[in-house]
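> Here you go, this is my_file35.csv (CSV, N, CA and C atoms).
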```
chain,number,residue,atom,x,y,z
A,1,MET,N,13.0,-32.7,-18.7
A,1,MET,CA,13.1,-31.9,-17.5
A,1,MET,C,14.1,-32.5,-16.5
A,2,THR,N,14.8,-31.6,-15.9
A,2,THR,CA,15.8,-32.0,-14.9
A,2,THR,C,15.3,-31.7,-13.5
A,3,LEU,N,15.4,-32.7,-12.6
A,3,LEU,CA,14.9,-32.6,-11.2
A,3,LEU,C,16.0,-31.7,-10.5
A,4,VAL,N,15.5,-30.6,-9.9
A,4,VAL,CA,16.4,-29.7,-9.2
A,4,VAL,C,16.3,-30.0,-7.7
A,5,GLU,N,15.1,-30.3,-7.2
A,5,GLU,CA,14.9,-30.4,-5.7
A,5,GLU,C,13.6,-31.2,-5.4
A,6,LYS,N,13.7,-32.0,-4.4
A,6,LYS,CA,12.5,-32.8,-4.0
A,6,LYS,C,12.5,-32.8,-2.5
A,7,LYS,N,11.3,-32.5,-1.9
A,7,LYS,CA,11.2,-32.5,-0.4
A,7,LYS,C,9.9,-33.1,0.0
A,8,GLN,N,9.9,-33.6,1.3
A,8,GLN,CA,8.7,-34.1,1.9
A,8,GLN,C,8.6,-33.5,3.3
A,9,ILE,N,7.4,-33.0,3.6
A,9,ILE,CA,7.1,-32.4,4.9
A,9,ILE,C,5.9,-33.0,5.5
A,10,SER,N,6.1,-33.5,6.7
A,10,SER,CA,5.0,-34.1,7.5
A,10,SER,C,4.1,-33.0,8.1
A,11,LEU,N,2.8,-33.2,7.9
A,11,LEU,CA,1.9,-32.2,8.4
A,11,LEU,C,1.2,-32.6,9.6
A,12,ASN,N,0.7,-33.8,9.6
A,12,ASN,CA,0.0,-34.4,10.8
A,12,ASN,C,0.0,-35.9,10.6
A,13,GLU,N,-0.8,-36.6,11.4
A,13,GLU,CA,-0.8,-38.1,11.3
A,13,GLU,C,-1.5,-38.6,10.1
A,14,GLU,N,-2.2,-37.7,9.3
A,14,GLU,CA,-2.9,-38.2,8.2
A,14,GLU,C,-2.3,-37.8,6.8
A,15,TYR,N,-1.7,-36.6,6.8
A,15,TYR,CA,-1.2,-36.0,5.5
A,15,TYR,C,0.3,-35.6,5.6
A,16,TYR,N,0.9,-35.7,4.4
A,16,TYR,CA,2.2,-35.0,4.2
A,16,TYR,C,2.3,-34.3,2.9
A,17,ILE,N,3.2,-33.4,2.7
A,17,ILE,CA,3.4,-32.6,1.5
A,17,ILE,C,4.6,-33.1,0.8
A,18,GLU,N,4.5,-33.2,-0.5
A,18,GLU,CA,5.7,-33.5,-1.3
A,18,GLU,C,5.8,-32.4,-2.4
A,19,THR,N,7.0,-31.9,-2.5
A,19,THR,CA,7.3,-30.9,-3.5
A,19,THR,C,8.4,-31.4,-4.4
A,20,GLU,N,8.3,-31.0,-5.7
A,20,GLU,CA,9.3,-31.3,-6.7
A,20,GLU,C,9.5,-30.1,-7.6
A,21,CYS,N,10.8,-29.8,-7.9
A,21,CYS,CA,11.1,-28.6,-8.7
A,21,CYS,C,12.0,-29.1,-9.9
A,22,TYR,N,11.6,-28.7,-11.1
A,22,TYR,CA,12.2,-29.1,-12.3
A,22,TYR,C,12.6,-27.8,-13.2
A,23,GLU,N,13.6,-28.0,-14.0
A,23,GLU,CA,13.9,-27.0,-15.0
A,23,GLU,C,14.2,-27.7,-16.4
A,24,LYS,N,14.0,-26.9,-17.4
A,24,LYS,CA,14.3,-27.4,-18.8
A,24,LYS,C,14.7,-26.2,-19.7
A,25,GLU,N,15.8,-26.4,-20.4
A,25,GLU,CA,16.2,-25.4,-21.4
A,25,GLU,C,15.5,-25.7,-22.7
A,26,LEU,N,14.9,-24.7,-23.3
A,26,LEU,CA,14.3,-24.9,-24.6
A,26,LEU,C,15.2,-24.6,-25.7
A,27,ASN,N,15.2,-25.3,-26.8
A,27,ASN,CA,16.0,-25.0,-27.9
A,27,ASN,C,15.3,-24.0,-28.8
A,28,ASN,N,15.9,-22.8,-28.9
A,28,ASN,CA,15.3,-21.8,-29.8
A,28,ASN,C,15.6,-22.1,-31.2
A,29,MET,N,14.5,-22.1,-32.0
A,29,MET,CA,14.7,-22.4,-33.4
A,29,MET,C,15.2,-21.2,-34.2
A,30,MET,N,14.9,-20.0,-33.7
A,30,MET,CA,15.4,-18.8,-34.4
A,30,MET,C,16.7,-18.3,-33.8
A,31,ARG,N,17.5,-17.7,-34.5
A,31,ARG,CA,18.7,-17.1,-34.0
A,31,ARG,C,18.3,-15.8,-33.2
A,32,THR,N,18.6,-15.9,-31.9
A,32,THR,CA,18.2,-14.8,-31.0
A,32,THR,C,19.2,-14.7,-29.9
A,33,THR,N,19.3,-13.5,-29.3
A,33,THR,CA,20.2,-13.3,-28.2
A,33,THR,C,19.7,-13.8,-26.9
A,34,TYR,N,18.4,-14.1,-26.8
A,34,TYR,CA,17.8,-14.6,-25.6
A,34,TYR,C,17.6,-16.1,-25.7
A,35,LYS,N,17.8,-16.7,-24.5
A,35,LYS,CA,17.5,-18.2,-24.4
A,35,LYS,C,16.3,-18.3,-23.5
A,36,THR,N,15.7,-19.5,-23.6
A,36,THR,CA,14.4,-19.7,-22.9
A,36,THR,C,14.5,-20.9,-22.0
A,37,LYS,N,14.0,-20.8,-20.8
A,37,LYS,CA,13.9,-21.9,-19.8
A,37,LYS,C,12.5,-22.0,-19.3
A,38,ILE,N,12.2,-23.3,-18.9
A,38,ILE,CA,10.9,-23.5,-18.2
A,38,ILE,C,11.2,-24.0,-16.8
A,39,GLY,N,10.5,-23.6,-15.8
A,39,GLY,CA,10.7,-24.1,-14.5
A,39,GLY,C,9.3,-24.5,-14.0
A,40,THR,N,9.3,-25.6,-13.2
A,40,THR,CA,8.0,-26.1,-12.6
A,40,THR,C,8.2,-26.4,-11.2
A,41,TYR,N,7.2,-26.1,-10.4
A,41,TYR,CA,7.1,-26.4,-9.0
A,41,TYR,C,5.8,-27.2,-8.7
A,42,THR,N,6.0,-28.4,-8.3
A,42,THR,CA,4.8,-29.2,-8.0
A,42,THR,C,4.6,-29.4,-6.5
A,43,TYR,N,3.4,-29.2,-6.1
A,43,TYR,CA,3.0,-29.3,-4.6
A,43,TYR,C,1.9,-30.4,-4.5
A,44,ARG,N,2.2,-31.4,-3.8
A,44,ARG,CA,1.2,-32.5,-3.6
A,44,ARG,C,0.8,-32.7,-2.2
A,45,VAL,N,-0.5,-32.9,-1.9
A,45,VAL,CA,-0.9,-33.4,-0.6
A,45,VAL,C,-1.1,-34.9,-0.7
A,46,ARG,N,-0.4,-35.7,0.1
A,46,ARG,CA,-0.5,-37.1,0.1
A,46,ARG,C,-1.0,-37.7,1.4
A,47,ASN,N,-1.6,-38.8,1.3
A,47,ASN,CA,-2.1,-39.6,2.4
A,47,ASN,C,-1.0,-40.5,3.0
A,48,LYS,N,-0.7,-40.4,4.3
A,48,LYS,CA,0.4,-41.1,4.9
A,48,LYS,C,0.2,-42.7,4.8
A,49,LYS,N,-1.1,-43.1,5.0
A,49,LYS,CA,-1.3,-44.5,5.1
A,49,LYS,C,-1.3,-45.2,3.7
A,50,THR,N,-1.9,-44.5,2.7
A,50,THR,CA,-2.0,-45.1,1.4
A,50,THR,C,-0.9,-44.6,0.4
A,51,ASP,N,-0.3,-43.5,0.8
A,51,ASP,CA,0.7,-42.8,-0.1
A,51,ASP,C,0.0,-42.2,-1.3
A,52,ALA,N,-1.3,-42.2,-1.4
A,52,ALA,CA,-2.0,-41.7,-2.5
A,52,ALA,C,-1.9,-40.1,-2.6
A,53,VAL,N,-1.8,-39.6,-3.8
A,53,VAL,CA,-1.8,-38.2,-4.0
A,53,VAL,C,-3.3,-37.8,-4.0
A,54,LEU,N,-3.7,-36.8,-3.1
A,54,LEU,CA,-5.1,-36.4,-3.0
A,54,LEU,C,-5.4,-35.2,-3.9
A,55,ILE,N,-4.5,-34.2,-3.9
A,55,ILE,CA,-4.6,-33.0,-4.7
A,55,ILE,C,-3.2,-32.5,-5.0
A,56,LYS,N,-3.1,-31.9,-6.2
A,56,LYS,CA,-1.8,-31.3,-6.5
A,56,LYS,C,-2.0,-30.0,-7.3
A,57,TYR,N,-1.0,-29.1,-7.1
A,57,TYR,CA,-0.9,-27.8,-7.8
A,57,TYR,C,0.5,-27.8,-8.5
A,58,VAL,N,0.4,-27.3,-9.7
A,58,VAL,CA,1.7,-27.2,-10.5
A,58,VAL,C,1.8,-25.8,-11.0
A,59,LEU,N,2.9,-25.1,-10.6
A,59,LEU,CA,3.2,-23.8,-11.0
A,59,LEU,C,4.3,-23.9,-12.1
A,60,THR,N,4.0,-23.3,-13.3
A,60,THR,CA,5.0,-23.4,-14.4
A,60,THR,C,5.3,-22.0,-14.8
A,61,GLY,N,6.6,-21.7,-14.9
A,61,GLY,CA,7.1,-20.4,-15.4
A,61,GLY,C,7.9,-20.6,-16.6
A,62,LYS,N,7.7,-19.6,-17.6
A,62,LYS,CA,8.5,-19.6,-18.8
A,62,LYS,C,9.4,-18.3,-18.7
A,63,PHE,N,10.7,-18.5,-18.9
A,63,PHE,CA,11.6,-17.4,-18.7
A,63,PHE,C,12.5,-17.2,-19.9
A,64,ARG,N,12.9,-15.9,-20.1
A,64,ARG,CA,13.9,-15.5,-21.1
A,64,ARG,C,15.1,-14.8,-20.4
A,65,TYR,N,16.3,-15.1,-20.9
A,65,TYR,CA,17.5,-14.5,-20.3
A,65,TYR,C,18.6,-14.4,-21.4
A,66,ASN,N,19.5,-13.5,-21.1
A,66,ASN,CA,20.6,-13.4,-22.1
A,66,ASN,C,22.0,-13.1,-21.5
A,67,GLY,N,22.1,-13.3,-20.2
A,67,GLY,CA,23.4,-13.0,-19.5
A,67,GLY,C,23.4,-11.6,-18.9
A,68,LYS,N,22.5,-10.7,-19.3
A,68,LYS,CA,22.4,-9.3,-18.8
A,68,LYS,C,21.0,-9.0,-18.2
A,69,LYS,N,20.1,-9.5,-18.9
A,69,LYS,CA,18.7,-9.3,-18.6
A,69,LYS,C,17.9,-10.6,-18.5
A,70,CYS,N,16.8,-10.6,-17.7
A,70,CYS,CA,16.0,-11.8,-17.6
A,70,CYS,C,14.6,-11.4,-17.3
A,71,SER,N,13.6,-12.2,-17.6
A,71,SER,CA,12.2,-11.9,-17.3
A,71,SER,C,11.4,-13.2,-17.3
A,72,CYS,N,10.3,-13.2,-16.5
A,72,CYS,CA,9.3,-14.2,-16.6
A,72,CYS,C,8.3,-13.8,-17.6
A,73,VAL,N,8.1,-14.5,-18.7
A,73,VAL,CA,7.2,-14.1,-19.7
A,73,VAL,C,5.8,-14.8,-19.6
A,74,GLU,N,5.8,-15.9,-18.8
A,74,GLU,CA,4.5,-16.5,-18.6
A,74,GLU,C,4.5,-17.3,-17.3
A,75,ALA,N,3.3,-17.3,-16.6
A,75,ALA,CA,3.2,-18.1,-15.4
A,75,ALA,C,1.8,-18.8,-15.4
A,76,LEU,N,1.8,-20.1,-15.2
A,76,LEU,CA,0.5,-20.8,-15.2
A,76,LEU,C,0.4,-21.6,-13.9
A,77,GLY,N,-0.7,-21.7,-13.3
A,77,GLY,CA,-1.0,-22.5,-12.2
A,77,GLY,C,-2.2,-23.4,-12.4
A,78,LYS,N,-2.0,-24.7,-12.1
A,78,LYS,CA,-3.1,-25.7,-12.4
A,78,LYS,C,-3.2,-26.6,-11.2
A,79,THR,N,-4.5,-26.8,-10.8
A,79,THR,CA,-4.8,-27.7,-9.7
A,79,THR,C,-5.5,-28.9,-10.3
A,80,THR,N,-5.1,-30.1,-9.8
A,80,THR,CA,-5.7,-31.4,-10.2
A,80,THR,C,-6.3,-32.0,-8.9
A,81,HIS,N,-7.6,-32.3,-8.9
A,81,HIS,CA,-8.1,-33.1,-7.8
A,81,HIS,C,-7.9,-34.6,-8.2
A,82,VAL,N,-6.9,-35.2,-7.6
A,82,VAL,CA,-6.6,-36.6,-7.9
A,82,VAL,C,-7.7,-37.5,-7.3
A,83,VAL,N,-8.0,-37.2,-6.0
A,83,VAL,CA,-9.1,-38.0,-5.4
A,83,VAL,C,-10.2,-37.0,-5.1
A,84,LYS,N,-11.3,-37.3,-5.7
A,84,LYS,CA,-12.5,-36.3,-5.6
A,84,LYS,C,-13.1,-36.2,-4.2
A,85,ASN,N,-13.7,-35.1,-3.9
A,85,ASN,CA,-14.4,-34.8,-2.7
A,85,ASN,C,-13.6,-34.9,-1.4
A,86,LYS,N,-12.3,-34.6,-1.5
A,86,LYS,CA,-11.5,-34.6,-0.3
A,86,LYS,C,-11.1,-33.1,0.1
A,87,PHE,N,-10.9,-32.3,-0.9
A,87,PHE,CA,-10.5,-30.9,-0.7
A,87,PHE,C,-11.3,-29.9,-1.5
A,88,THR,N,-11.5,-28.7,-1.0
A,88,THR,CA,-12.0,-27.6,-1.7
A,88,THR,C,-10.9,-26.6,-2.0
A,89,VAL,N,-10.8,-26.2,-3.3
A,89,VAL,CA,-9.8,-25.2,-3.6
A,89,VAL,C,-10.3,-23.8,-3.3
A,90,LEU,N,-9.5,-23.1,-2.5
A,90,LEU,CA,-9.8,-21.8,-2.1
A,90,LEU,C,-9.1,-20.7,-3.1
A,91,ASN,N,-8.0,-21.1,-3.6
A,91,ASN,CA,-7.3,-20.2,-4.5
A,91,ASN,C,-6.2,-21.0,-5.3
A,92,ASP,N,-6.2,-20.9,-6.6
A,92,ASP,CA,-5.2,-21.4,-7.4
A,92,ASP,C,-5.0,-20.5,-8.6
A,93,SER,N,-3.9,-19.7,-8.5
A,93,SER,CA,-3.6,-18.7,-9.6
A,93,SER,C,-2.1,-18.6,-9.7
A,94,ALA,N,-1.7,-17.8,-10.7
A,94,ALA,CA,-0.3,-17.6,-11.0
A,94,ALA,C,-0.2,-16.3,-11.7
A,95,VAL,N,1.0,-15.6,-11.5
A,95,VAL,CA,1.3,-14.3,-12.2
A,95,VAL,C,2.8,-14.3,-12.5
A,96,ALA,N,3.1,-13.6,-13.6
A,96,ALA,CA,4.5,-13.3,-14.0
A,96,ALA,C,4.8,-11.9,-13.4
A,97,SER,N,5.9,-11.8,-12.7
A,97,SER,CA,6.3,-10.5,-12.1
A,97,SER,C,7.8,-10.3,-12.2
A,98,GLY,N,8.2,-9.5,-13.2
A,98,GLY,CA,9.7,-9.3,-13.3
A,98,GLY,C,10.4,-10.6,-13.7
A,99,ASP,N,11.3,-11.0,-12.9
A,99,ASP,CA,12.1,-12.3,-13.1
A,99,ASP,C,11.5,-13.5,-12.4
A,100,THR,N,10.2,-13.4,-11.9
A,100,THR,CA,9.7,-14.4,-11.1
A,100,THR,C,8.3,-14.8,-11.5
A,101,ALA,N,8.0,-16.1,-11.4
A,101,ALA,CA,6.7,-16.7,-11.6
A,101,ALA,C,6.2,-16.9,-10.1
A,102,ILE,N,5.0,-16.4,-9.8
A,102,ILE,CA,4.5,-16.5,-8.5
A,102,ILE,C,3.1,-17.3,-8.6
A,103,GLY,N,3.0,-18.3,-7.7
A,103,GLY,CA,1.8,-19.1,-7.7
A,103,GLY,C,1.2,-19.1,-6.3
A,104,TYR,N,-0.1,-19.0,-6.3
A,104,TYR,CA,-0.9,-19.0,-5.1
A,104,TYR,C,-1.8,-20.2,-5.1
A,105,PHE,N,-1.7,-21.1,-4.1
A,105,PHE,CA,-2.5,-22.3,-4.0
A,105,PHE,C,-2.9,-22.5,-2.5
A,106,TYR,N,-4.2,-22.5,-2.3
A,106,TYR,CA,-4.7,-22.9,-0.9
A,106,TYR,C,-5.9,-23.8,-1.1
A,107,CYS,N,-5.9,-24.8,-0.3
A,107,CYS,CA,-7.1,-25.8,-0.4
A,107,CYS,C,-7.4,-26.1,1.1
A,108,LYS,N,-8.7,-26.6,1.2
A,108,LYS,CA,-9.2,-26.9,2.6
A,108,LYS,C,-9.7,-28.3,2.6
A,109,SER,N,-9.4,-29.1,3.6
A,109,SER,CA,-9.8,-30.5,3.8
A,109,SER,C,-11.3,-30.4,4.1
A,110,ILE,N,-12.1,-31.2,3.3
A,110,ILE,CA,-13.6,-31.2,3.6
A,110,ILE,C,-13.9,-31.9,4.9
A,111,SER,N,-13.1,-32.9,5.2
A,111,SER,CA,-13.3,-33.7,6.4
A,111,SER,C,-13.0,-33.0,7.8
A,112,ASN,N,-11.9,-32.2,7.8
A,112,ASN,CA,-11.5,-31.6,9.1
A,112,ASN,C,-11.3,-30.1,9.0
A,113,GLY,N,-11.4,-29.5,7.8
A,113,GLY,CA,-11.3,-28.1,7.7
A,113,GLY,C,-9.9,-27.5,7.7
A,114,GLN,N,-8.9,-28.4,7.8
A,114,GLN,CA,-7.5,-28.0,7.8
A,114,GLN,C,-7.2,-27.4,6.4
A,115,THR,N,-6.4,-26.3,6.4
A,115,THR,CA,-6.0,-25.6,5.2
A,115,THR,C,-4.6,-25.9,4.9
A,116,PHE,N,-4.3,-26.1,3.6
A,116,PHE,CA,-2.9,-26.4,3.1
A,116,PHE,C,-2.6,-25.4,1.9
A,117,GLY,N,-1.3,-25.3,1.6
A,117,GLY,CA,-0.9,-24.5,0.5
A,117,GLY,C,0.0,-23.4,0.9
A,118,GLY,N,0.1,-22.4,0.0
A,118,GLY,CA,1.0,-21.3,0.2
A,118,GLY,C,1.2,-20.5,-1.0
A,119,THR,N,2.2,-19.6,-1.0
A,119,THR,CA,2.7,-18.9,-2.1
A,119,THR,C,4.0,-19.5,-2.6
A,120,PHE,N,4.1,-19.8,-3.9
A,120,PHE,CA,5.3,-20.4,-4.4
A,120,PHE,C,5.9,-19.6,-5.5
A,121,LYS,N,7.3,-19.6,-5.6
A,121,LYS,CA,8.0,-18.8,-6.5
A,121,LYS,C,9.0,-19.6,-7.3
A,122,ILE,N,9.2,-19.2,-8.5
A,122,ILE,CA,10.3,-19.7,-9.4
A,122,ILE,C,10.9,-18.4,-9.9
A,123,ARG,N,12.2,-18.3,-9.8
A,123,ARG,CA,13.0,-17.1,-10.2
A,123,ARG,C,14.1,-17.5,-11.1
A,124,ILE,N,14.4,-16.6,-12.0
A,124,ILE,CA,15.6,-16.8,-12.9
A,124,ILE,C,16.5,-15.6,-12.8
A,125,SER,N,17.8,-15.9,-12.9
A,125,SER,CA,18.9,-14.9,-12.9
A,125,SER,C,19.2,-14.5,-14.3
A,126,PRO,N,19.9,-13.4,-14.5
A,126,PRO,CA,20.3,-13.0,-15.9
A,126,PRO,C,21.2,-14.1,-16.6
A,127,ASN,N,21.9,-14.9,-15.9
A,127,ASN,CA,22.7,-16.0,-16.5
A,127,ASN,C,22.0,-17.3,-16.7
A,128,GLY,N,20.6,-17.3,-16.3
A,128,GLY,CA,19.8,-18.5,-16.6
A,128,GLY,C,19.7,-19.5,-15.5
A,129,LYS,N,20.2,-19.1,-14.3
A,129,LYS,CA,20.0,-20.0,-13.1
A,129,LYS,C,18.6,-19.9,-12.5
A,130,ILE,N,17.9,-21.0,-12.5
A,130,ILE,CA,16.5,-21.0,-11.9
A,130,ILE,C,16.6,-21.4,-10.5
A,131,THR,N,15.9,-20.7,-9.6
A,131,THR,CA,15.9,-21.0,-8.2
A,131,THR,C,14.4,-21.0,-7.8
A,132,PHE,N,14.2,-21.7,-6.7
A,132,PHE,CA,12.9,-21.9,-6.1
A,132,PHE,C,12.9,-21.4,-4.7
A,133,PRO,N,12.9,-20.1,-4.5
A,133,PRO,CA,13.0,-19.5,-3.1
A,133,PRO,C,11.8,-19.8,-2.3
```
As structure tokens - that is how I would like this structure written.

Amino acid sequence: MTLVEKKQISLNEEYYIETECYEKELNNMMRTTYKTKIGTYTYRVRNKKTDAVLIKYVLTGKFRYNGKKCSCVEALGKTTHVVKNKFTVLNDSAVASGDTAIGYFYCKSISNGQTFGGTFKIRISPNGKITFP
């Protein structure tokens, strides 16, 4: 996997968000006009004092393209409670829609009720460029 983008966003005095975006070209074993790529978007809630990851969501999209057409053929969303009993997951899902993998992740802090998350997208162009709008 190749790292495309990494960001950190401060939320408050206790938490920050870290995101990482990766892409990978898959080797097709059969002769085909389509190529395949995988894109992943990782969203982590981290503790500022300890730098520990508390919860993470990973959106993975599998894409096909050939220079003229492209599509998202599979989208998967997975949440991992790295530290137990800190967050309640309100929604973690993913759908493939046209040329885009769309992930929905929302969680709520058990201690203060603050909600984190959002809607995340991975998109591919007909020439195979993956973007994370």
> Counting all atoms listed in the file, what is within 6 Å of Gly117 (chain A), bar same-chain residues fewer than 4 positions away, as a list of chain:residue names?
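My list of contacting residues is A:Phe105, A:Tyr106, A:Cys107.
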> Please compute the atom N of Ala52 (chain A)-CA of Val82 (chain A) distance, one decimal, in Å.
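Between these atoms lies a distance of 10.1 Å.
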> Quick one, how far is atom N of Val95 (chain A) from atom C of Cys21 (chain A)?
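About the pair atom N of Val95 (chain A) and atom C of Cys21 (chain A): they are 17.5 Å apart.
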> In terms of the shortest atom-to-atom distance over only C-alpha atoms, which of A:Tyr16, A:Tyr65, A:Tyr104, A:Phe132 is closest to Arg44 (chain A)?
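Closest candidate: A:Tyr16.
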> What does the structure give for the distance between atom C of Lys68 (chain A) and atom C of Ile38 (chain A), in Å to one decimal?
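Result for atom C of Lys68 (chain A) versus atom C of Ile38 (chain A): 18.0 Å, one decimal.
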> Mind rebuilding region 77-93 of chain A with N, CA, C and O atoms and writing that out as a compact mmCIF listing (two decimals), in the coordinates of the input?

```txt
# COMPACT_ATOMS: atom_id res chain seq x y z
N GLY A 77 -0.70 -21.70 -13.30
CA GLY A 77 -1.00 -22.50 -12.20
C GLY A 77 -2.20 -23.40 -12.40
O GLY A 77 -3.19 -22.96 -12.92
N LYS A 78 -2.00 -24.70 -12.10
CA LYS A 78 -3.10 -25.70 -12.40
C LYS A 78 -3.20 -26.60 -11.20
O LYS A 78 -2.25 -27.18 -10.74
N THR A 79 -4.50 -26.80 -10.80
CA THR A 79 -4.80 -27.70 -9.70
C THR A 79 -5.50 -28.90 -10.30
O THR A 79 -6.32 -28.82 -11.17
N THR A 80 -5.10 -30.10 -9.80
CA THR A 80 -5.70 -31.40 -10.20
C THR A 80 -6.30 -32.00 -8.90
O THR A 80 -5.48 -32.30 -7.99
N HIS A 81 -7.60 -32.30 -8.90
CA HIS A 81 -8.10 -33.10 -7.80
C HIS A 81 -7.90 -34.60 -8.20
O HIS A 81 -8.66 -35.14 -8.98
N VAL A 82 -6.90 -35.20 -7.60
CA VAL A 82 -6.60 -36.60 -7.90
C VAL A 82 -7.70 -37.50 -7.30
O VAL A 82 -8.13 -38.44 -7.92
N VAL A 83 -8.00 -37.20 -6.00
CA VAL A 83 -9.10 -38.00 -5.40
C VAL A 83 -10.20 -37.00 -5.10
O VAL A 83 -10.01 -35.94 -4.47
N LYS A 84 -11.30 -37.30 -5.70
CA LYS A 84 -12.50 -36.30 -5.60
C LYS A 84 -13.10 -36.20 -4.20
O LYS A 84 -12.95 -37.15 -3.40
N ASN A 85 -13.70 -35.10 -3.90
CA ASN A 85 -14.40 -34.80 -2.70
C ASN A 85 -13.60 -34.90 -1.40
O ASN A 85 -14.11 -35.24 -0.33
N LYS A 86 -12.30 -34.60 -1.50
CA LYS A 86 -11.50 -34.60 -0.30
C LYS A 86 -11.10 -33.10 0.10
O LYS A 86 -10.91 -32.81 1.25
N PHE A 87 -10.90 -32.30 -0.90
CA PHE A 87 -10.50 -30.90 -0.70
C PHE A 87 -11.30 -29.90 -1.50
O PHE A 87 -11.75 -30.24 -2.63
N THR A 88 -11.50 -28.70 -1.00
CA THR A 88 -12.00 -27.60 -1.70
C THR A 88 -10.90 -26.60 -2.00
O THR A 88 -10.13 -26.28 -1.12
N VAL A 89 -10.80 -26.20 -3.30
CA VAL A 89 -9.80 -25.20 -3.60
C VAL A 89 -10.30 -23.80 -3.30
O VAL A 89 -11.33 -23.40 -3.69
N LEU A 90 -9.50 -23.10 -2.50
CA LEU A 90 -9.80 -21.80 -2.10
C LEU A 90 -9.10 -20.70 -3.10
O LEU A 90 -9.70 -19.69 -3.30
N ASN A 91 -8.00 -21.10 -3.60
CA ASN A 91 -7.30 -20.20 -4.50
C ASN A 91 -6.20 -21.00 -5.30
O ASN A 91 -5.48 -21.75 -4.69
N ASP A 92 -6.20 -20.90 -6.60
CA ASP A 92 -5.20 -21.40 -7.40
C ASP A 92 -5.00 -20.50 -8.60
O ASP A 92 -5.75 -20.41 -9.51
N SER A 93 -3.90 -19.70 -8.50
CA SER A 93 -3.60 -18.70 -9.60
C SER A 93 -2.10 -18.60 -9.70
O SER A 93 -1.35 -19.11 -8.93
```
